[in-house]
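Chemist: Just so it is clear, I am handing over input_14.cif, which has mmCIF, N, CA and C atoms and all ligand atoms.
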data_target
#
loop_
_atom_site.label_atom_id
_atom_site.label_comp_id
_atom_site.auth_asym_id
_atom_site.auth_seq_id
_atom_site.Cartn_x
_atom_site.Cartn_y
_atom_site.Cartn_z
N MET P 1 -7.00 25.15 7.80
CA MET P 1 -7.08 26.17 8.84
C MET P 1 -8.52 26.71 8.97
N VAL P 2 -9.16 26.96 7.84
CA VAL P 2 -10.55 27.43 7.89
C VAL P 2 -11.44 26.30 8.42
N ALA P 3 -11.15 25.06 8.01
CA ALA P 3 -11.92 23.92 8.51
C ALA P 3 -11.72 23.77 10.01
N ASP P 4 -10.49 23.96 10.50
CA ASP P 4 -10.22 23.84 11.94
C ASP P 4 -11.05 24.82 12.74
N MET P 5 -11.27 26.00 12.18
CA MET P 5 -12.12 27.00 12.86
C MET P 5 -13.51 26.44 13.10
N GLY P 6 -14.05 25.79 12.07
CA GLY P 6 -15.40 25.27 12.15
C GLY P 6 -15.53 24.09 13.10
N TRP P 7 -14.39 23.46 13.42
CA TRP P 7 -14.42 22.28 14.30
C TRP P 7 -13.99 22.63 15.71
N ASP P 8 -13.78 23.89 15.99
CA ASP P 8 -13.23 24.29 17.30
C ASP P 8 -14.34 24.29 18.36
N PRO P 9 -14.27 23.36 19.33
CA PRO P 9 -15.33 23.30 20.35
C PRO P 9 -15.33 24.50 21.28
N LYS P 10 -14.24 25.29 21.27
CA LYS P 10 -14.23 26.51 22.09
C LYS P 10 -15.10 27.59 21.42
N VAL P 11 -15.27 27.44 20.12
CA VAL P 11 -16.02 28.44 19.35
C VAL P 11 -17.45 27.96 19.08
N TRP P 12 -17.58 26.69 18.74
CA TRP P 12 -18.89 26.13 18.38
C TRP P 12 -19.29 25.04 19.36
N GLU P 13 -20.56 25.10 19.78
CA GLU P 13 -21.06 24.05 20.65
C GLU P 13 -21.28 22.79 19.81
N LYS P 14 -20.75 21.69 20.26
CA LYS P 14 -20.84 20.40 19.54
C LYS P 14 -20.61 20.61 18.05
N PRO P 15 -19.39 20.99 17.66
CA PRO P 15 -19.14 21.37 16.26
C PRO P 15 -19.42 20.27 15.24
N MET P 16 -19.31 19.00 15.63
CA MET P 16 -19.51 17.94 14.65
C MET P 16 -20.96 17.53 14.49
N GLU P 17 -21.85 18.17 15.25
CA GLU P 17 -23.26 17.85 15.11
C GLU P 17 -23.92 18.72 14.04
N PHE P 18 -24.79 18.11 13.25
CA PHE P 18 -25.51 18.87 12.22
C PHE P 18 -26.62 19.65 12.91
N LYS P 19 -26.38 20.92 13.16
CA LYS P 19 -27.34 21.75 13.88
C LYS P 19 -27.53 23.07 13.14
N PRO P 20 -28.27 23.06 12.03
CA PRO P 20 -28.42 24.30 11.26
C PRO P 20 -29.07 25.42 12.06
N GLU P 21 -29.80 25.05 13.13
CA GLU P 21 -30.44 26.08 13.94
C GLU P 21 -29.44 26.99 14.64
N ARG P 22 -28.18 26.57 14.66
CA ARG P 22 -27.19 27.46 15.28
C ARG P 22 -27.05 28.78 14.50
N PHE P 23 -27.52 28.74 13.25
CA PHE P 23 -27.42 29.96 12.44
C PHE P 23 -28.71 30.78 12.42
N LEU P 24 -29.70 30.33 13.20
CA LEU P 24 -30.93 31.13 13.27
C LEU P 24 -30.67 32.40 14.06
N ASN P 25 -31.59 33.32 13.98
CA ASN P 25 -31.45 34.57 14.71
C ASN P 25 -30.21 35.34 14.27
N ALA P 26 -29.92 35.22 12.99
CA ALA P 26 -28.73 35.90 12.51
C ALA P 26 -29.09 36.84 11.37
N ALA P 27 -30.17 37.59 11.58
CA ALA P 27 -30.68 38.48 10.53
C ALA P 27 -29.62 39.47 10.07
N ASP P 28 -28.72 39.83 10.97
CA ASP P 28 -27.73 40.83 10.60
C ASP P 28 -26.37 40.21 10.31
N ALA P 29 -26.38 38.93 9.92
CA ALA P 29 -25.11 38.24 9.72
C ALA P 29 -24.23 38.88 8.66
N THR P 30 -24.85 39.41 7.61
CA THR P 30 -24.02 39.97 6.55
C THR P 30 -23.56 41.39 6.87
N SER P 31 -24.40 42.13 7.57
CA SER P 31 -24.03 43.52 7.82
C SER P 31 -23.18 43.65 9.08
N GLY P 32 -23.33 42.68 9.98
CA GLY P 32 -22.54 42.76 11.21
C GLY P 32 -23.14 43.72 12.22
N HIS P 33 -24.24 44.37 11.88
CA HIS P 33 -24.93 45.22 12.83
C HIS P 33 -26.38 45.34 12.42
N GLY P 34 -27.19 45.99 13.18
CA GLY P 34 -28.59 46.12 12.81
C GLY P 34 -29.48 45.40 13.80
N GLY P 35 -30.73 45.11 13.40
CA GLY P 35 -31.71 44.53 14.31
C GLY P 35 -31.38 43.10 14.70
N GLY P 36 -31.75 42.73 15.92
CA GLY P 36 -31.55 41.35 16.38
C GLY P 36 -30.10 41.06 16.73
N GLU P 37 -29.95 40.15 17.65
CA GLU P 37 -28.57 39.84 18.06
C GLU P 37 -28.07 38.67 17.23
N ALA P 38 -27.04 38.86 16.45
CA ALA P 38 -26.53 37.79 15.60
C ALA P 38 -25.73 36.81 16.44
N LEU P 39 -25.87 35.52 16.10
CA LEU P 39 -25.09 34.51 16.80
C LEU P 39 -23.72 34.37 16.18
N PHE P 40 -23.59 34.82 14.97
CA PHE P 40 -22.29 34.75 14.31
C PHE P 40 -22.19 35.91 13.33
N ASP P 41 -21.00 36.19 12.91
CA ASP P 41 -20.77 37.31 12.02
C ASP P 41 -19.86 36.83 10.91
N ILE P 42 -20.40 36.72 9.67
CA ILE P 42 -19.55 36.18 8.61
C ILE P 42 -18.71 37.24 7.94
N THR P 43 -18.83 38.48 8.38
CA THR P 43 -18.02 39.52 7.76
C THR P 43 -16.66 39.66 8.45
N GLY P 44 -16.53 39.07 9.61
CA GLY P 44 -15.27 39.17 10.34
C GLY P 44 -15.03 40.54 10.94
N ARG P 45 -16.07 41.37 11.01
CA ARG P 45 -15.88 42.71 11.57
C ARG P 45 -15.76 42.69 13.09
N ARG P 46 -16.61 41.86 13.72
CA ARG P 46 -16.59 41.79 15.18
C ARG P 46 -15.72 40.66 15.68
N GLU P 47 -15.80 39.53 14.96
CA GLU P 47 -15.07 38.34 15.36
C GLU P 47 -14.99 37.43 14.14
N ILE P 48 -14.08 36.47 14.18
CA ILE P 48 -14.03 35.53 13.06
C ILE P 48 -14.28 34.12 13.59
N LYS P 49 -15.51 33.62 13.34
CA LYS P 49 -15.86 32.27 13.75
C LYS P 49 -16.01 31.39 12.51
N ILE P 50 -16.23 32.03 11.41
CA ILE P 50 -16.48 31.33 10.14
C ILE P 50 -16.18 32.36 9.05
N MET P 51 -15.56 31.96 7.96
CA MET P 51 -15.24 32.98 6.95
C MET P 51 -15.41 32.42 5.53
N PRO P 52 -16.66 32.14 5.14
CA PRO P 52 -16.88 31.61 3.80
C PRO P 52 -16.53 32.59 2.69
N PHE P 53 -16.51 33.86 3.01
CA PHE P 53 -16.21 34.88 1.99
C PHE P 53 -14.87 35.56 2.25
N GLY P 54 -14.04 34.92 3.04
CA GLY P 54 -12.77 35.56 3.39
C GLY P 54 -13.01 36.60 4.47
N ALA P 55 -12.02 37.45 4.68
CA ALA P 55 -12.16 38.49 5.72
C ALA P 55 -11.19 39.61 5.41
N GLY P 56 -11.49 40.77 5.95
CA GLY P 56 -10.56 41.89 5.78
C GLY P 56 -10.74 42.60 4.45
N ARG P 57 -9.69 43.28 4.03
CA ARG P 57 -9.79 44.15 2.85
C ARG P 57 -10.15 43.43 1.57
N ARG P 58 -9.76 42.15 1.47
CA ARG P 58 -10.04 41.41 0.24
C ARG P 58 -11.26 40.51 0.37
N ILE P 59 -12.12 40.77 1.36
CA ILE P 59 -13.33 39.96 1.52
C ILE P 59 -14.14 39.99 0.23
N CYS P 60 -14.85 38.91 -0.06
CA CYS P 60 -15.61 38.80 -1.31
C CYS P 60 -16.61 39.95 -1.46
N PRO P 61 -16.49 40.75 -2.50
CA PRO P 61 -17.44 41.84 -2.69
C PRO P 61 -18.80 41.35 -3.18
N GLY P 62 -18.88 40.08 -3.57
CA GLY P 62 -20.15 39.54 -4.08
C GLY P 62 -20.96 38.83 -3.01
N SER P 63 -20.54 38.91 -1.73
CA SER P 63 -21.20 38.12 -0.68
C SER P 63 -22.69 38.46 -0.55
N GLY P 64 -23.05 39.74 -0.61
CA GLY P 64 -24.45 40.13 -0.49
C GLY P 64 -25.28 39.53 -1.60
N LEU P 65 -24.78 39.63 -2.83
CA LEU P 65 -25.47 39.08 -3.99
C LEU P 65 -25.57 37.56 -3.85
N ALA P 66 -24.47 36.93 -3.45
CA ALA P 66 -24.44 35.47 -3.33
C ALA P 66 -25.45 35.00 -2.29
N LEU P 67 -25.52 35.66 -1.13
CA LEU P 67 -26.43 35.23 -0.08
C LEU P 67 -27.89 35.42 -0.50
N LEU P 68 -28.18 36.53 -1.14
CA LEU P 68 -29.55 36.76 -1.64
C LEU P 68 -29.93 35.68 -2.64
N HIS P 69 -29.03 35.41 -3.57
CA HIS P 69 -29.29 34.46 -4.63
C HIS P 69 -29.48 33.06 -4.05
N LEU P 70 -28.61 32.67 -3.11
CA LEU P 70 -28.70 31.33 -2.53
C LEU P 70 -30.00 31.15 -1.75
N GLU P 71 -30.41 32.20 -1.03
CA GLU P 71 -31.66 32.11 -0.27
C GLU P 71 -32.83 31.88 -1.23
N TYR P 72 -32.84 32.61 -2.30
CA TYR P 72 -33.89 32.48 -3.31
C TYR P 72 -33.87 31.08 -3.94
N PHE P 73 -32.68 30.61 -4.23
CA PHE P 73 -32.48 29.30 -4.87
C PHE P 73 -32.98 28.18 -3.94
N VAL P 74 -32.57 28.21 -2.68
CA VAL P 74 -32.98 27.17 -1.73
C VAL P 74 -34.49 27.26 -1.49
N ALA P 75 -35.02 28.49 -1.35
CA ALA P 75 -36.45 28.66 -1.11
C ALA P 75 -37.25 28.05 -2.26
N ASN P 76 -36.78 28.19 -3.47
CA ASN P 76 -37.47 27.63 -4.62
C ASN P 76 -37.41 26.10 -4.62
N LEU P 77 -36.27 25.55 -4.22
CA LEU P 77 -36.16 24.08 -4.16
C LEU P 77 -37.15 23.52 -3.14
N VAL P 78 -37.29 24.21 -2.01
CA VAL P 78 -38.23 23.77 -0.98
C VAL P 78 -39.67 23.94 -1.47
N TRP P 79 -39.91 25.03 -2.16
CA TRP P 79 -41.27 25.35 -2.62
C TRP P 79 -41.76 24.36 -3.68
N TYR P 80 -40.88 24.01 -4.62
CA TYR P 80 -41.31 23.20 -5.77
C TYR P 80 -41.18 21.69 -5.58
N PHE P 81 -40.36 21.26 -4.61
CA PHE P 81 -40.13 19.82 -4.46
C PHE P 81 -40.38 19.34 -3.04
N LYS P 82 -40.77 18.06 -2.94
CA LYS P 82 -40.92 17.42 -1.64
C LYS P 82 -39.61 16.66 -1.39
N TRP P 83 -39.04 16.83 -0.23
CA TRP P 83 -37.73 16.25 0.09
C TRP P 83 -37.88 15.19 1.17
N THR P 84 -37.38 13.99 0.92
CA THR P 84 -37.36 12.97 1.97
C THR P 84 -35.99 12.28 1.94
N ALA P 85 -35.62 11.71 3.10
CA ALA P 85 -34.34 11.00 3.15
C ALA P 85 -34.54 9.62 2.52
N ALA P 86 -33.50 9.11 1.86
CA ALA P 86 -33.59 7.78 1.25
C ALA P 86 -33.69 6.74 2.37
N ASP P 87 -34.37 5.62 2.07
CA ASP P 87 -34.51 4.56 3.07
C ASP P 87 -33.15 4.09 3.57
N GLY P 88 -33.04 3.91 4.86
CA GLY P 88 -31.80 3.41 5.44
C GLY P 88 -30.67 4.41 5.37
N ASP P 89 -31.01 5.64 5.07
CA ASP P 89 -29.96 6.65 4.94
C ASP P 89 -29.35 6.96 6.30
N ASP P 90 -28.05 6.95 6.37
CA ASP P 90 -27.39 7.20 7.64
C ASP P 90 -26.22 8.16 7.38
N VAL P 91 -26.49 9.42 7.55
CA VAL P 91 -25.47 10.43 7.24
C VAL P 91 -24.31 10.33 8.20
N ASP P 92 -23.10 10.36 7.65
CA ASP P 92 -21.90 10.39 8.50
C ASP P 92 -21.00 11.49 7.95
N LEU P 93 -20.85 12.54 8.76
CA LEU P 93 -20.11 13.70 8.27
C LEU P 93 -18.58 13.54 8.37
N SER P 94 -18.10 12.38 8.86
CA SER P 94 -16.65 12.22 8.97
C SER P 94 -15.97 12.33 7.60
N ASP P 95 -14.71 12.71 7.66
CA ASP P 95 -13.95 12.90 6.41
C ASP P 95 -13.65 11.58 5.72
N LYS P 96 -13.68 11.62 4.41
CA LYS P 96 -13.20 10.49 3.62
C LYS P 96 -12.36 11.09 2.51
N GLN P 97 -11.11 10.66 2.43
CA GLN P 97 -10.22 11.26 1.44
C GLN P 97 -10.41 10.58 0.09
N GLU P 98 -10.92 11.34 -0.85
CA GLU P 98 -10.95 10.85 -2.23
C GLU P 98 -10.12 11.84 -3.02
N PHE P 99 -10.53 12.20 -4.21
CA PHE P 99 -9.75 13.23 -4.94
C PHE P 99 -9.76 14.51 -4.11
N THR P 100 -10.92 14.82 -3.53
CA THR P 100 -11.01 15.87 -2.51
C THR P 100 -11.53 15.20 -1.25
N VAL P 101 -11.65 15.95 -0.16
CA VAL P 101 -12.21 15.37 1.06
C VAL P 101 -13.73 15.39 0.93
N VAL P 102 -14.34 14.22 1.12
CA VAL P 102 -15.80 14.13 1.01
C VAL P 102 -16.37 13.55 2.30
N MET P 103 -17.70 13.57 2.43
CA MET P 103 -18.34 12.97 3.60
C MET P 103 -18.26 11.45 3.49
N LYS P 104 -18.07 10.78 4.63
CA LYS P 104 -18.00 9.32 4.62
C LYS P 104 -19.30 8.73 4.07
N ASN P 105 -20.41 9.27 4.52
CA ASN P 105 -21.70 8.80 4.04
C ASN P 105 -22.62 10.00 3.85
N PRO P 106 -22.64 10.55 2.65
CA PRO P 106 -23.40 11.79 2.44
C PRO P 106 -24.91 11.58 2.45
N LEU P 107 -25.61 12.65 2.70
CA LEU P 107 -27.08 12.61 2.71
C LEU P 107 -27.58 12.24 1.32
N GLN P 108 -28.48 11.27 1.27
CA GLN P 108 -29.09 10.93 -0.01
C GLN P 108 -30.55 11.34 0.07
N ALA P 109 -30.90 12.34 -0.70
CA ALA P 109 -32.26 12.86 -0.63
C ALA P 109 -33.06 12.35 -1.84
N CYS P 110 -34.33 12.06 -1.61
CA CYS P 110 -35.24 11.74 -2.71
C CYS P 110 -36.12 12.96 -2.93
N ILE P 111 -36.18 13.42 -4.14
CA ILE P 111 -37.01 14.59 -4.40
C ILE P 111 -38.11 14.24 -5.39
N SER P 112 -39.28 14.81 -5.15
CA SER P 112 -40.38 14.64 -6.10
C SER P 112 -41.10 15.98 -6.21
N ALA P 113 -41.68 16.19 -7.39
CA ALA P 113 -42.36 17.47 -7.60
C ALA P 113 -43.59 17.55 -6.70
N ARG P 114 -43.84 18.69 -6.13
CA ARG P 114 -45.06 18.88 -5.32
C ARG P 114 -46.24 18.98 -6.28
N GLY P 115 -47.34 18.31 -5.89
CA GLY P 115 -48.50 18.29 -6.76
C GLY P 115 -49.13 19.62 -6.91
C1 LIG P 201 -21.42 31.50 -2.42
C2 LIG P 201 -20.79 32.30 -3.26
C3 LIG P 201 -19.43 32.88 -3.04
C4 LIG P 201 -18.44 32.52 -2.19
C5 LIG P 201 -18.44 31.37 -1.17
C6 LIG P 201 -17.33 33.43 -2.41
C7 LIG P 201 -16.13 33.38 -1.70
C8 LIG P 201 -15.06 34.20 -1.94
C9 LIG P 201 -13.80 34.14 -1.25
C10 LIG P 201 -13.43 33.15 -0.14
C11 LIG P 201 -13.00 35.10 -1.76
C12 LIG P 201 -11.54 35.42 -1.36
C13 LIG P 201 -11.52 36.47 -0.26
C14 LIG P 201 -10.10 36.72 0.24
O1 LIG P 201 -9.16 36.70 -0.58
O2 LIG P 201 -9.92 36.91 1.45
C15 LIG P 201 -13.75 35.79 -2.79
C16 LIG P 201 -13.27 36.84 -3.55
C17 LIG P 201 -13.97 37.46 -4.54
N1 LIG P 201 -15.29 37.25 -4.91
FE1 LIG P 201 -16.50 35.84 -4.11
N2 LIG P 201 -17.66 34.33 -3.38
C18 LIG P 201 -18.94 34.05 -3.80
C19 LIG P 201 -19.67 34.72 -4.74
C20 LIG P 201 -19.23 35.82 -5.45
C21 LIG P 201 -20.05 36.60 -6.40
C22 LIG P 201 -21.53 36.31 -6.70
C23 LIG P 201 -19.24 37.56 -6.90
C24 LIG P 201 -19.53 38.64 -7.93
C25 LIG P 201 -20.73 38.93 -8.36
C26 LIG P 201 -17.92 37.42 -6.29
C27 LIG P 201 -16.84 38.19 -6.54
C28 LIG P 201 -15.62 38.10 -5.93
C29 LIG P 201 -14.47 38.93 -6.24
C30 LIG P 201 -14.39 40.03 -7.33
C31 LIG P 201 -13.44 38.54 -5.36
C32 LIG P 201 -12.01 39.12 -5.31
C33 LIG P 201 -11.96 40.21 -4.25
C34 LIG P 201 -10.54 40.76 -4.06
O3 LIG P 201 -9.59 40.00 -4.25
O4 LIG P 201 -10.41 41.93 -3.66
N3 LIG P 201 -17.96 36.36 -5.42
N4 LIG P 201 -15.00 35.24 -2.88
#
Kindly present the structure from the file in structure tokens form.
Modeler:
Amino acid sequence: MVADMGWDPKVWEKPMEFKPERFLNAADATSGHGGGEALFDITGRREIKIMPFGAGRRICPGSGLALLHLEYFVANLVWYFKWTAADGDDVDLSDKQEFTVVMKNPLQACISARG
């Protein structure tokens, strides 16, 4: 059901396309209000288009900490390593049923330390 939300073309433009820029301009995504117009709201206060932390009274109380931590973590990975796609890499986001549902052809990244 949560996955169906993410694939709903009435909610997301070209939902199956990898378009991380759809989440840009979302400075107030966690608070649901504040500066800038958010393209989405993960708190479910205004609308529910995506709910990685649940919604309502039992929403994850650690979401603020988690988002801060993840931003720091990803920023460090970008800062310390050079990222390139593996030769002949062809990402296919379609479902493949294994023990869990996985990507048919996941991204294979080559990383090397920045000099
Ligand atoms: C990326 C990281 C995280 C994700 C995706 C996540 C996601 C979730 C989800 C989906 C729920 C269930 C919400 C519901 O029942 O509607 C939840 C609950 C909860 N999370 Fe997180 N969480 C994350 C990190 C954290 C962190 C860092 C903490 C604490 C420091 C935390 C503490 C909790 C607690 C205590 C609950 C239970 C809330 C309740 O039942 O009232 N979570 N989380």
Chemist: With a cut-off of 6.5 Å, could you pull out the residues of chain P touching ligand LIG 201 (chain P) and give me the nearest pair of atoms for each, distance in Å to one decimal, using only N, CA and C atoms and all ligand atoms, ordered by chain and ascending number, as a Markdown table?
Modeler:
| residue | atom | partner | partner_atom | distance |
| --- | --- | --- | --- | --- |
| P:Met51 | C | P:LIG201 | C10 | 6.0 |
| P:Pro52 | C | P:LIG201 | C10 | 4.2 |
| P:Phe53 | C | P:LIG201 | C10 | 3.7 |
| P:Gly54 | N | P:LIG201 | C10 | 3.7 |
| P:Ala55 | N | P:LIG201 | O2 | 3.9 |
| P:Gly56 | N | P:LIG201 | O2 | 6.1 |
| P:Arg57 | C | P:LIG201 | O4 | 5.4 |
| P:Arg58 | CA | P:LIG201 | O4 | 4.0 |
| P:Ile59 | CA | P:LIG201 | C13 | 4.3 |
| P:Cys60 | CA | P:LIG201 | C16 | 3.8 |
| P:Pro61 | N | P:LIG201 | N1 | 4.4 |
| P:Gly62 | CA | P:LIG201 | C23 | 3.6 |
| P:Ser63 | N | P:LIG201 | C20 | 5.0 |
| P:Leu65 | C | P:LIG201 | C22 | 5.1 |
| P:Ala66 | N | P:LIG201 | C22 | 4.4 |
| P:Leu67 | N | P:LIG201 | C1 | 6.0 |
Chemist: Which residues in segment 40-105 of chain P does DSSP call helix (DSSP H, G or I)? List them as a ChimeraX atom specification.
Modeler: /P:56-58,63-80
Chemist: Please provide as a short mmCIF file (atom, residue, chain, number, x, y, z; two decimals) with N, CA and C atoms, in the frame of the given file all residues within 7 Å of Cys110 of chain P, with the sequence filter that same-chain residues fewer than 3 positions apart are discarded (counting only C-alpha atoms).
Modeler:
data_model
loop_
_atom_site.label_atom_id
_atom_site.label_comp_id
_atom_site.auth_asym_id
_atom_site.auth_seq_id
_atom_site.Cartn_x
_atom_site.Cartn_y
_atom_site.Cartn_z
N TRP P 83 -39.04 16.83 -0.23
CA TRP P 83 -37.73 16.25 0.09
C TRP P 83 -37.88 15.19 1.17
N THR P 84 -37.38 13.99 0.92
CA THR P 84 -37.36 12.97 1.97
C THR P 84 -35.99 12.28 1.94
N ALA P 85 -35.62 11.71 3.10
CA ALA P 85 -34.34 11.00 3.15
C ALA P 85 -34.54 9.62 2.52
N ALA P 86 -33.50 9.11 1.86
CA ALA P 86 -33.59 7.78 1.25
C ALA P 86 -33.69 6.74 2.37
#
Chemist: Can you work out the spacing between atom N of Glu13 of chain P and atom CA of Leu68 of chain P in Å, to one decimal?
Modeler: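 Here the two named atoms are 26.0 Å from each other.
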Chemist: Per DSSP on the backbone, what are the strand (DSSP E or B) residues of chain P, as JSON, numbers by chain?
Modeler: {"P": [81, 82, 83, 84, 85, 92, 93, 94, 95, 96, 97, 101, 102, 103, 104, 105, 109, 110, 111, 112, 113]}
